[in-house]
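Reproduced below: entry07.cif, with mmCIF, C-alpha atoms.
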```cif
data_query
#
loop_
_atom_site.group_PDB
_atom_site.id
_atom_site.type_symbol
_atom_site.label_atom_id
_atom_site.label_comp_id
_atom_site.auth_asym_id
_atom_site.auth_seq_id
_atom_site.Cartn_x
_atom_site.Cartn_y
_atom_site.Cartn_z
ATOM 1 C CA GLY O 224 5.532 161.010 245.844
ATOM 2 C CA MET O 225 4.478 158.957 242.871
ATOM 3 C CA SER O 226 5.372 159.579 239.252
ATOM 4 C CA TRP O 227 2.742 160.594 236.722
ATOM 5 C CA ALA O 228 3.313 157.356 234.783
ATOM 6 C CA LEU O 229 2.648 155.173 237.855
ATOM 7 C CA MET O 230 -0.434 157.201 238.743
ATOM 8 C CA ARG O 231 -1.796 156.402 235.282
ATOM 9 C CA HIS O 232 -0.558 152.772 235.216
ATOM 10 C CA PRO O 233 -0.005 151.445 238.782
ATOM 11 C CA ASP O 234 1.192 148.051 237.487
ATOM 12 C CA GLY O 235 3.666 149.672 235.107
ATOM 13 C CA LEU O 236 4.175 149.115 231.375
ATOM 14 C CA ILE O 237 7.103 147.646 229.455
ATOM 15 C CA CYS O 238 9.052 150.471 227.817
ATOM 16 C CA ASP O 239 9.840 150.083 224.132
ATOM 17 C CA PHE O 240 10.591 153.734 223.326
ATOM 18 C CA PHE O 241 13.090 155.715 225.417
ATOM 19 C CA VAL O 242 13.293 159.509 225.166
ATOM 20 C CA SER O 243 16.512 161.363 226.006
ATOM 21 C CA HIS O 244 16.324 165.115 226.654
ATOM 22 C CA CYS O 245 18.107 167.732 228.751
ATOM 23 C CA TRP O 246 15.261 169.769 230.309
ATOM 24 C CA ALA O 247 16.019 172.854 228.180
ATOM 25 C CA GLU O 248 13.158 172.488 225.688
ATOM 26 C CA GLY O 249 9.605 173.742 226.135
ATOM 27 C CA VAL O 250 6.744 171.291 226.414
ATOM 28 C CA PHE O 251 5.385 172.169 222.948
ATOM 29 C CA GLU O 252 8.790 171.680 221.325
ATOM 30 C CA PHE O 253 9.187 168.362 223.183
ATOM 31 C CA CYS O 254 5.726 167.034 222.226
ATOM 32 C CA THR O 255 6.078 168.100 218.576
ATOM 33 C CA LYS O 256 9.402 166.299 218.164
ATOM 34 C CA VAL O 257 8.280 163.147 219.981
ATOM 35 C CA ARG O 258 5.074 162.880 217.952
ATOM 36 C CA ARG O 259 6.892 163.511 214.674
ATOM 37 C CA MET O 260 9.517 160.842 215.336
ATOM 38 C CA TRP O 261 7.352 158.219 217.065
ATOM 39 C CA PRO O 262 8.494 154.820 215.703
ATOM 40 C CA ARG O 263 5.924 152.682 213.898
ATOM 41 C CA GLY O 264 4.824 149.880 216.203
ATOM 42 C CA ALA O 265 6.130 151.492 219.424
ATOM 43 C CA ARG O 266 3.553 151.610 222.226
ATOM 44 C CA HIS O 267 5.021 152.744 225.543
ATOM 45 C CA LEU O 268 7.312 155.727 225.970
ATOM 46 C CA TRP O 269 9.681 156.214 228.907
ATOM 47 C CA CYS O 270 10.731 159.757 229.727
ATOM 48 C CA CYS O 271 12.326 160.797 233.018
ATOM 49 C CA PHE O 272 9.995 163.685 233.829
ATOM 50 C CA LEU O 273 6.972 161.389 233.499
ATOM 51 C CA ALA O 274 8.449 158.135 234.849
ATOM 52 C CA ASN O 275 10.445 159.402 237.853
ATOM 53 C CA PRO O 276 8.690 160.898 240.916
ATOM 54 C CA GLN O 277 9.588 164.562 240.433
ATOM 55 C CA ASN O 278 8.082 165.620 243.771
ATOM 56 C CA GLY O 279 9.652 162.715 245.684
ATOM 57 C CA ASN O 280 13.165 161.766 246.757
ATOM 58 C CA ILE O 281 14.828 161.281 243.362
ATOM 59 C CA GLY O 282 18.240 161.168 245.059
ATOM 60 C CA SER O 283 17.435 157.740 246.514
ATOM 61 C CA LEU O 284 16.597 156.447 243.027
ATOM 62 C CA LEU O 285 19.953 157.640 241.725
ATOM 63 C CA SER O 286 22.098 156.618 244.709
ATOM 64 C CA GLY O 287 23.644 153.592 242.943
ATOM 65 C CA THR O 288 25.735 153.404 239.793
ATOM 66 C CA PRO O 289 24.302 154.752 236.516
ATOM 67 C CA ARG O 290 23.804 151.145 235.314
ATOM 68 C CA GLU O 291 21.436 150.583 238.291
ATOM 69 C CA SER O 292 19.404 153.737 237.617
ATOM 70 C CA PRO O 293 15.824 153.854 236.308
ATOM 71 C CA PHE O 294 17.266 155.287 233.068
ATOM 72 C CA ALA O 295 19.384 152.180 232.479
ATOM 73 C CA LYS O 296 16.572 149.800 233.415
ATOM 74 C CA ALA O 297 14.243 151.480 230.925
ATOM 75 C CA LEU O 298 16.932 151.398 228.205
ATOM 76 C CA GLU O 299 17.381 147.653 228.764
ATOM 77 C CA HIS O 300 13.779 147.092 227.634
ATOM 78 C CA ALA O 301 13.642 149.705 224.873
ATOM 79 C CA LYS O 302 13.876 149.020 221.156
ATOM 80 C CA TYR O 303 14.182 152.663 220.149
ATOM 81 C CA MET O 304 15.727 155.791 221.588
ATOM 82 C CA LEU O 305 14.692 159.277 220.556
ATOM 83 C CA VAL O 306 17.123 162.121 221.177
ATOM 84 C CA VAL O 307 15.241 165.411 221.615
ATOM 85 C CA PRO O 308 17.528 168.367 220.810
ATOM 86 C CA ASN O 309 16.434 171.898 221.658
ATOM 87 C CA LEU O 310 17.020 175.455 220.496
ATOM 88 C CA ARG O 311 18.996 176.570 223.581
ATOM 89 C CA VAL O 312 21.845 174.226 224.473
ATOM 90 C CA SER O 313 23.498 171.025 223.297
ATOM 91 C CA ILE O 314 21.714 168.021 224.753
ATOM 92 C CA TYR O 315 25.146 166.530 225.495
ATOM 93 C CA SER O 316 25.997 169.290 227.952
ATOM 94 C CA ARG O 317 24.069 167.022 230.363
ATOM 95 C CA LEU O 318 26.043 163.932 231.415
ATOM 96 C CA TRP O 319 22.940 161.771 231.796
ATOM 97 C CA CYS O 320 22.258 162.270 228.076
ATOM 98 C CA VAL O 321 25.846 161.242 227.254
ATOM 99 C CA PHE O 322 25.388 158.103 229.372
ATOM 100 C CA GLU O 323 22.042 157.299 227.715
ATOM 101 C CA ALA O 324 23.551 157.681 224.232
ATOM 102 C CA SER O 325 26.526 155.498 225.145
ATOM 103 C CA MET O 326 24.303 152.782 226.575
ATOM 104 C CA ALA O 327 21.929 152.896 223.594
ATOM 105 C CA ILE O 328 24.867 152.476 221.199
ATOM 106 C CA ASP O 329 26.246 149.573 223.257
ATOM 107 C CA MET O 330 22.828 147.885 223.163
ATOM 108 C CA HIS O 331 22.418 148.498 219.404
ATOM 109 C CA LEU O 332 19.135 150.384 219.835
ATOM 110 C CA VAL O 333 17.578 152.217 216.891
ATOM 111 C CA ILE O 334 18.419 155.861 217.664
ATOM 112 C CA ARG O 335 16.256 158.559 216.141
ATOM 113 C CA MET O 336 16.720 162.307 216.081
ATOM 114 C CA PRO O 337 14.304 164.900 214.651
ATOM 115 C CA SER O 338 15.616 166.638 211.562
ATOM 116 C CA ARG O 339 14.511 169.608 209.528
ATOM 117 C CA PRO O 340 12.033 168.751 206.750
ATOM 118 C CA SER O 341 13.455 168.308 203.271
ATOM 119 C CA PRO O 342 12.903 170.991 200.586
ATOM 120 C CA ALA O 343 10.409 168.668 198.858
ATOM 121 C CA VAL O 344 8.279 168.467 202.030
ATOM 122 C CA VAL O 345 8.469 172.247 202.533
ATOM 123 C CA LEU O 346 7.386 172.781 198.920
ATOM 124 C CA LYS O 347 4.508 170.324 199.288
ATOM 125 C CA VAL O 348 3.235 172.202 202.351
ATOM 126 C CA ALA O 349 3.882 175.693 200.964
ATOM 127 C CA LEU O 350 2.297 175.272 197.503
ATOM 128 C CA PRO O 351 -1.356 175.268 198.687
ATOM 129 C CA PHE O 352 -0.742 178.471 200.675
ATOM 130 C CA LEU O 353 0.999 180.084 197.704
ATOM 131 C CA PHE O 354 -1.925 179.147 195.463
ATOM 132 C CA LEU O 355 -4.369 180.631 198.000
ATOM 133 C CA VAL O 356 -2.440 183.940 198.032
ATOM 134 C CA VAL O 357 -2.462 184.044 194.216
ATOM 135 C CA ALA O 358 -6.195 183.213 194.183
ATOM 136 C CA VAL O 359 -6.975 186.036 196.628
ATOM 137 C CA ALA O 360 -4.904 188.495 194.581
ATOM 138 C CA ALA O 361 -6.592 187.378 191.342
ATOM 139 C CA SER O 362 -10.003 187.685 192.956
ATOM 140 C CA MET O 363 -9.291 191.210 194.213
ATOM 141 C CA TYR O 364 -7.963 192.210 190.783
ATOM 142 C CA ALA O 365 -11.005 190.772 188.982
ATOM 143 C CA LEU O 366 -13.432 192.674 191.224
ATOM 144 C CA ARG O 367 -11.509 195.966 191.393
ATOM 145 C CA ASP O 368 -13.625 197.899 188.892
ATOM 146 C CA THR O 369 -17.040 196.260 188.962
ATOM 147 C CA ALA O 370 -20.297 198.173 189.343
ATOM 148 C CA LEU O 371 -21.096 196.025 192.357
ATOM 149 C CA LEU O 372 -18.060 197.390 194.247
ATOM 150 C CA ARG O 373 -19.126 200.952 193.408
ATOM 151 C CA ASP O 374 -22.617 200.168 194.751
ATOM 152 C CA LEU O 375 -21.115 198.874 197.983
ATOM 153 C CA GLU O 376 -19.601 202.302 198.684
ATOM 154 C CA HIS O 377 -23.153 203.456 199.625
ATOM 155 C CA PHE O 378 -23.392 200.790 202.369
ATOM 156 C CA PRO O 379 -20.318 201.199 204.613
ATOM 157 C CA SER O 380 -21.782 199.074 207.436
ATOM 158 C CA VAL O 381 -22.032 195.929 205.285
ATOM 159 C CA ARG O 382 -19.210 196.638 202.826
ATOM 160 C CA ARG O 383 -16.476 194.578 204.503
ATOM 161 C CA PRO O 384 -18.512 191.400 205.119
ATOM 162 C CA LEU O 385 -19.847 191.484 201.565
ATOM 163 C CA LEU O 386 -16.388 192.047 200.093
ATOM 164 C CA LEU O 387 -15.147 189.073 202.084
ATOM 165 C CA LEU O 388 -18.032 187.018 200.742
ATOM 166 C CA LEU O 389 -17.219 188.102 197.190
ATOM 167 C CA TYR O 390 -13.519 187.282 197.497
ATOM 168 C CA CYS O 391 -14.213 183.879 199.084
ATOM 169 C CA SER O 392 -16.702 183.047 196.374
ATOM 170 C CA ASN O 393 -14.249 183.999 193.643
ATOM 171 C CA ILE O 394 -11.568 181.841 195.265
ATOM 172 C CA LEU O 395 -13.961 178.900 195.471
ATOM 173 C CA ALA O 396 -14.918 179.495 191.868
ATOM 174 C CA LEU O 397 -11.257 179.486 190.837
ATOM 175 C CA LEU O 398 -10.624 176.303 192.795
ATOM 176 C CA GLY O 399 -13.713 174.546 191.490
ATOM 177 C CA GLY O 400 -13.788 175.980 187.977
ATOM 178 C CA ARG O 401 -17.460 176.907 188.301
ATOM 179 C CA VAL O 402 -17.225 180.667 187.747
ATOM 180 C CA SER O 403 -20.263 180.875 185.504
ATOM 181 C CA ARG O 404 -22.546 179.232 188.090
ATOM 182 C CA THR O 405 -21.128 180.728 191.298
ATOM 183 C CA LEU O 406 -20.917 184.450 190.568
ATOM 184 C CA PRO O 407 -24.510 185.068 189.370
ATOM 185 C CA VAL O 408 -25.874 183.386 192.497
ATOM 186 C CA LEU O 409 -23.524 185.405 194.672
ATOM 187 C CA TYR O 410 -24.546 188.598 192.869
ATOM 188 C CA LEU O 411 -28.187 187.879 193.688
ATOM 189 C CA VAL O 412 -27.298 187.314 197.363
ATOM 190 C CA VAL O 413 -25.373 190.596 197.548
ATOM 191 C CA VAL O 414 -28.129 192.553 195.799
ATOM 192 C CA SER O 415 -30.704 191.076 198.183
ATOM 193 C CA VAL O 416 -28.626 192.166 201.162
ATOM 194 C CA LEU O 417 -28.206 195.664 199.706
ATOM 195 C CA VAL O 418 -31.954 196.004 199.075
ATOM 196 C CA GLY O 419 -32.631 194.852 202.637
ATOM 197 C CA ALA O 420 -30.084 197.347 203.991
ATOM 198 C CA ARG O 421 -31.958 200.229 202.411
#
```

Same coordinates, now as C-alpha cells:
Amino acid sequence: GMSWALMRHPDGLICDFFVSHCWAEGVFEFCTKVRRMWPRGARHLWCCFLANPQNGNIGSLLSGTPRESPFAKALEHAKYMLVVPNLRVSIYSRLWCVFEASMAIDMHLVIRMPSRPSPAVVLKVALPFLFLVVAVAASMYALRDTALLRDLEHFPSVRRPLLLLLYCSNILALLGGRVSRTLPVLYLVVVSVLVGAR
C-alpha cells in the first residue's frame, strides 16, 4: 500500500515541519492544535499517519534502528517540531515520541507545543459575546411593557418571529447608535404584518 502523502505527491516533498503525536487524540483535536501552532514560513508537514503506508507492511519500514526509520529521516530535514498532547494520556507514554523529542533536541530544532490561551486572549474573545448578552437583555427589558407587545398577543402564529425581529433590531440599534431611525421603521414593518395577518 501507498501512504496518503505519496498518493497526493508521488515525487515527495521536503519536510520542514515534523509533528509528534501518540495516536490518542481525535482528528479534530489534532487538526486544531496543528493549525494553531503552524510555524510562519513552514510549508510541508510530516506526520506518521499521513506519511507512512498505514495499510501496508509498516514493519519492514521499521526493521532497522530508530535512526534509520522514516521518523528520523523526516526529522533530519525538519526545522520545526510540533508536539501534539491530548486529553487522554501523556504523549511520552509512547517510546517513539520520546525518541522523536530526544532527536529534535539533539538537532536543535524549534520545538512547539500548544498551550492554553492567555487570560487576555480569553477576555478579547469573550467580551463581544458578553456585550451581545447584555444587549439582548436590555432589548427585552426595553420592550417588556410596550403597546406593540400587547398587540402581538392577538396574533400567536406570528408573535415569535416578530419578537425576534424586534429584539434583533433593538440590538442593531444599540450597536449602531441609530435608535431613533431604526425603531420607527421596524414599527411600521410590524404593523404592516399585523394588518396583513388580520

Record the distance separating atom CA of Ile281 of chain O and atom CA of Leu229 of chain O, expressed in Å with one decimal.
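The value is 14.7 Å.
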
Convert the output of the PyMOL selection byres ((chain O and resi 245) around 12) on the shown file into explicit residues, formatted as a JSON list (two decimals) with C-alpha atoms, in the coordinates of the input.
```json
[["chain", "number", "residue", "atom", "x", "y", "z"],
["O", 242, "VAL", "CA", 13.29, 159.51, 225.17],
["O", 243, "SER", "CA", 16.51, 161.36, 226.01],
["O", 244, "HIS", "CA", 16.32, 165.12, 226.65],
["O", 246, "TRP", "CA", 15.26, 169.77, 230.31],
["O", 247, "ALA", "CA", 16.02, 172.85, 228.18],
["O", 248, "GLU", "CA", 13.16, 172.49, 225.69],
["O", 249, "GLY", "CA", 9.60, 173.74, 226.14],
["O", 253, "PHE", "CA", 9.19, 168.36, 223.18],
["O", 270, "CYS", "CA", 10.73, 159.76, 229.73],
["O", 271, "CYS", "CA", 12.33, 160.80, 233.02],
["O", 272, "PHE", "CA", 9.99, 163.68, 233.83],
["O", 306, "VAL", "CA", 17.12, 162.12, 221.18],
["O", 307, "VAL", "CA", 15.24, 165.41, 221.62],
["O", 308, "PRO", "CA", 17.53, 168.37, 220.81],
["O", 309, "ASN", "CA", 16.43, 171.90, 221.66],
["O", 310, "LEU", "CA", 17.02, 175.46, 220.50],
["O", 311, "ARG", "CA", 19.00, 176.57, 223.58],
["O", 312, "VAL", "CA", 21.84, 174.23, 224.47],
["O", 313, "SER", "CA", 23.50, 171.02, 223.30],
["O", 314, "ILE", "CA", 21.71, 168.02, 224.75],
["O", 315, "TYR", "CA", 25.15, 166.53, 225.50],
["O", 316, "SER", "CA", 26.00, 169.29, 227.95],
["O", 317, "ARG", "CA", 24.07, 167.02, 230.36],
["O", 318, "LEU", "CA", 26.04, 163.93, 231.42],
["O", 319, "TRP", "CA", 22.94, 161.77, 231.80],
["O", 320, "CYS", "CA", 22.26, 162.27, 228.08],
["O", 321, "VAL", "CA", 25.85, 161.24, 227.25],
["O", 323, "GLU", "CA", 22.04, 157.30, 227.72]]
```

Polymer residues at most 12 Å from (4.9, 158.8, 239.4) by all atoms listed in the file, as number ranges by chain:
O: 224-235, 269-281

Atom CA of Lys302 of chain O to atom CA of Phe241 of chain O, straight-line distance in Å:
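Value for the atom CA of Phe241 of chain O-atom CA of Lys302 of chain O distance: 8.0 Å.
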
Shell around Asp329 of chain O at 12 Å using all atoms listed in the file, local window under 4 positions removed, as an MDAnalysis selection string
chainID O and resid 295 298:299 322:325 333:334

Spatial sel., origin (10.3, 160.6, 215.0), limit 9 Å, all atoms listed in the file, listed as a VMD selection string
chain O and resid 256 to 262 305 335 to 338

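The space separating atom CA of Ala265 of chain O from atom CA of Pro293 of chain O comes to 19.6 Å.
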
Listed atoms of segment 260-270 of chain O boxed axis-aligned with 3 Å per side, centre + edges as AutoDock Vina command-line options:
```
--center_x 7.1 --center_y 155.4 --center_z 221.8 --size_x 13.2 --size_y 17.0 --size_z 21.8
```

Between O:Met326, O:Val348, O:Leu268, O:Met304, which is the closest to Pro289 of chain O once you count only C-alpha atoms?
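Ranking O:Met326, O:Val348, O:Leu268, O:Met304 by distance to Pro289 of chain O, first place goes to O:Met326.
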
Top pick for closest residue to Arg263 of chain O, considering O:Val345, O:Asp239, O:Phe251, O:Glu291 and counting all atoms listed in the file:
O:Asp239

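Of the listed residues (O:Ala349, O:Leu332, O:Ala327, O:Val344), O:Leu332 comes nearest to Tyr303 of chain O; the distances count all atoms listed in the file.
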